[in-house]
Amino acid sequence: MQKEDLLSRIRKDIQHVRRQGDPPDRDPASFSRFSCDLCNGTFPKRELRQCSLCGRWACASCWTEKYYTCKACSGVITLRLATEGLGEEETRVHP
Ligand SMILES: [Zn+2]
Ligand SMILES: [Zn+2]
């Protein structure tokens with residue numbers, strides 16, 4: 001089974017929330033903080049990272065370093081890997 005096939009299937013499973021490069025939502029109560037798209041907490045922009053799969057901005061606690069995606073997408077990846085019975089070490093999503 002091709003790794004690219006698995007990745008493209010994972011991408012189809014994931015809803016695209018934002019375009020790559022779109023900025024996070026600014027917190028209306030404070031001009032220097034931005035919203036995490038997963039937990040709705042507000043953070044300085046440097047603490048948010050954009051997921052390369054869905055485009056959501058995630059704070060450190062909503063981020064999965066292992067896959068380099070947000071937690072919502074890492075859940076989809078984990079499920080997909082479990083379904084297909086593949087080793088997890090094969091999948092790291094590069095932007
Ligand atoms: Zn968060
Ligand atoms: Zn994501």
# chains A, B, ... in the order shown; residues from 1 in each chain; ligands from 1
call {"tool": "residues_near_ligand", "arguments": {"ligand": "ligand 2", "cutoff": "8 Å", "atoms": "only C-alpha atoms and all ligand atoms", "output": "list in words"}}
result
Ile14, Gln50, Cys51, Ser52, Leu53, Cys54, Gly55, Arg56, Trp57, Thr69, Cys70, Lys71, Ala72, Cys73 and Ser74 of chain A
call {"tool": "closest_atom_pairs", "arguments": {"of": "chain A", "to": "ligand 1", "cutoff": "6 Å", "atoms": "only C-alpha atoms and all ligand atoms", "output": "CSV"}}
result
residue,atom,partner,partner_atom_place_in_ligand_line,distance
A:Cys36,CA,ligand 1,1 (Zn),4.7
A:Leu38,CA,ligand 1,1 (Zn),5.0
A:Cys39,CA,ligand 1,1 (Zn),4.1
A:Gly41,CA,ligand 1,1 (Zn),5.7
A:Ala58,CA,ligand 1,1 (Zn),5.2
A:Cys59,CA,ligand 1,1 (Zn),4.2
A:Ser61,CA,ligand 1,1 (Zn),5.7
A:Cys62,CA,ligand 1,1 (Zn),4.4
call {"tool": "residues_around", "arguments": {"residues": "range 77-84 of chain A", "least_positions_apart": "6", "cutoff": "9 Å", "atoms": "only C-alpha atoms", "output": "list in words"}}
result
Leu6, Leu7, Arg9, Ile10, Tyr67 and Thr91 of chain A
call {"tool": "atom_distance", "arguments": {"atom1": "CA of Ser32 in chain A", "atom2": "CA of Thr64 in chain A"}}
result
24.5 Å
call {"tool": "closest_residue", "arguments": {"among": "A:Arg19, A:Asp25, A:Ser30, A:Ala60", "to": "Leu48 in chain A", "atoms": "only C-alpha atoms"}}
result
A:Ala60
call {"tool": "closest_residue", "arguments": {"among": "A:Ser8, A:Phe34, A:Arg49, A:Phe43", "to": "Gln20 in chain A", "atoms": "only C-alpha atoms"}}
result
A:Arg49
call {"tool": "select_by_dssp", "arguments": {"residues": "range 5-82 of chain A", "states": "alpha helix (DSSP H)", "output": "VMD selection string"}}
result
chain A and resid 5 to 13 71 to 82
